[in-house]
Amino acid sequence: METADRKLMRHGAFLFLIGLVTGLQERRFTNMRMALSAHLEGVMNGTFLIALGAVWGHVALPRPLARIARWTALYGTYGNWLFTALGAAMGTAAANPILSQGHRGKPWQERLAGTGFRSIAYAILVSVVLIVIGLRNPRKLGAECGS
C-alpha cells in the first residue's frame, strides 16, 4: 500500500521554493514586513503540504470528502502565500493592520486582500478538520485513503 502522496509532496516542495524566492525579493515589495510574512507563509505552508503528503495514505475519508480535504488544503496553502504576497505588493492593511506599517491600499485592493484572507481561512479550517477526522477514524467500509 502506498502511504505517501507524491503530488502533495511536490506541491509542498514547490510552495517551499516560492517562499524562499519571496524571501530573496522582500525589499522589492511595498510593505517589507508583509513580504517577510509571505516568505514565511510559503515556507511553512510548503512544509505542511510535504507532511500532509507523507501521511495522506492514512487519511481515511470517503472519496468526495477526501477530494474536498485535498483541494481546500491546496487552495488554503497556496492562497495564504498569494494573498500575503499581494498584500505586501499593494501595501494593504486589510489582512493585518499590525504589519501594514501605515500602508493602505486602494479600496479594491483592500477588498481583494480581505476577501482572499477570509476565503483561505475557511478553506484551511475545513481541510484540517476533515484531515483530523480522517486520521482519527480507522478505515471503514466506503472510506478510501486519500483519493
# chains A, B, ... in the order shown; residues from 1 in each chain; ligands from 1

$ residues_around --residues "segment 38-55 of chain A" --least-positions-apart "3" --cutoff "7 Å" --atoms "only C-alpha atoms" --output "compact mmCIF listing (two decimals) with C-alpha atoms, in the first residue's frame"
# COMPACT_ATOMS: atom_id res chain seq x y z
CA THR A 3 1.09 5.66 2.08
CA ALA A 4 2.61 8.84 0.66
CA ASP A 5 1.12 11.17 -1.92
CA ARG A 6 3.97 12.40 -4.08
CA LEU A 8 1.05 16.74 -2.48
CA MET A 9 4.71 16.48 -1.54
CA HIS A 11 3.25 20.86 -4.34
CA GLY A 12 4.80 21.35 -0.91
CA ALA A 13 8.33 21.47 -2.28
CA LEU A 15 5.47 26.20 -2.43
CA PHE A 16 8.55 26.00 -0.19
CA ILE A 18 8.21 30.02 -3.85
CA GLY A 19 8.56 31.04 -0.20
CA LEU A 20 12.35 31.06 -0.46
CA THR A 22 9.83 35.58 -1.95
CA GLY A 23 12.31 35.94 0.90
CA MET A 34 4.25 41.71 4.99
CA ALA A 35 6.72 40.40 2.39
CA HIS A 58 -3.62 7.21 6.29
CA THR A 77 -1.79 26.92 1.43
CA ASN A 80 -2.14 32.03 2.02
CA TRP A 81 1.15 32.79 0.29
CA THR A 84 0.02 37.72 1.71
CA ALA A 85 2.35 38.48 -1.21

$ residues_around --residues "segment 116-123 of chain A" --least-positions-apart "2" --cutoff "9 Å" --atoms "only C-alpha atoms" --output "VMD selection string"
chain A and resid 69 71 to 80 82 to 84 94 to 95 111 to 114 125 to 128

$ select_by_dssp --residues "chain A" --states "strand (DSSP E or B)" --output "ChimeraX atom specification"
/A:60-61,144-145

$ write_last_selection --atoms "N, CA and C atoms" --output "mmCIF file, in the first residue's frame"
data_model
loop_
_atom_site.group_PDB
_atom_site.id
_atom_site.type_symbol
_atom_site.label_atom_id
_atom_site.label_comp_id
_atom_site.auth_asym_id
_atom_site.auth_seq_id
_atom_site.Cartn_x
_atom_site.Cartn_y
_atom_site.Cartn_z
ATOM 1 N N ALA A 60 -8.358 8.386 6.121
ATOM 2 C CA ALA A 60 -9.461 7.529 5.677
ATOM 3 C C ALA A 60 -10.751 8.338 5.621
ATOM 4 N N LEU A 61 -11.077 8.785 4.413
ATOM 5 C CA LEU A 61 -12.304 9.554 4.182
ATOM 6 C C LEU A 61 -12.993 9.018 2.937
ATOM 7 N N GLU A 144 -11.981 5.578 1.586
ATOM 8 C CA GLU A 144 -10.753 5.308 0.859
ATOM 9 C C GLU A 144 -9.678 6.200 1.418
ATOM 10 N N CYS A 145 -8.467 5.703 1.411
ATOM 11 C CA CYS A 145 -7.373 6.531 1.877
ATOM 12 C C CYS A 145 -7.012 7.517 0.797
#

$ atom_distance --atom1 "atom CA of Lys106 of chain A" --atom2 "atom CA of Arg28 of chain A"
19.1 Å

$ decode --residues "segment 29-64 of chain A" --atoms "C-alpha atoms" --output "compact mmCIF listing (two decimals), in the first residue's frame"
# COMPACT_ATOMS: atom_id res chain seq x y z
CA PHE A 29 7.67 44.90 -2.03
CA THR A 30 5.77 47.99 -0.90
CA ASN A 31 5.47 46.55 2.60
CA MET A 32 8.60 44.64 3.57
CA ARG A 33 7.14 43.30 6.83
CA MET A 34 4.25 41.71 4.99
CA ALA A 35 6.72 40.40 2.39
CA LEU A 36 8.56 38.68 5.23
CA SER A 37 5.21 37.16 6.24
CA ALA A 38 4.66 35.99 2.64
CA HIS A 39 8.10 34.37 2.70
CA LEU A 40 7.27 32.58 5.95
CA GLU A 41 3.81 31.55 4.69
CA GLY A 42 5.37 29.94 1.63
CA VAL A 43 7.96 28.07 3.67
CA MET A 44 5.57 26.96 6.44
CA ASN A 45 2.69 26.01 4.14
CA GLY A 46 5.10 24.17 1.84
CA THR A 47 6.32 22.18 4.84
CA PHE A 48 2.70 21.48 5.81
CA LEU A 49 1.94 20.09 2.32
CA ILE A 50 5.05 17.89 2.40
CA ALA A 51 3.98 16.48 5.78
CA LEU A 52 0.39 16.07 4.58
CA GLY A 53 1.61 14.20 1.52
CA ALA A 54 3.63 11.90 3.76
CA VAL A 55 0.56 10.88 5.80
CA TRP A 56 -2.11 11.19 3.10
CA GLY A 57 -2.42 7.43 2.69
CA HIS A 58 -3.62 7.21 6.29
CA VAL A 59 -6.39 9.79 5.86
CA ALA A 60 -9.46 7.53 5.68
CA LEU A 61 -12.30 9.55 4.18
CA PRO A 62 -14.98 8.83 1.60
CA ARG A 63 -13.75 9.88 -1.85
CA PRO A 64 -15.80 13.13 -2.04
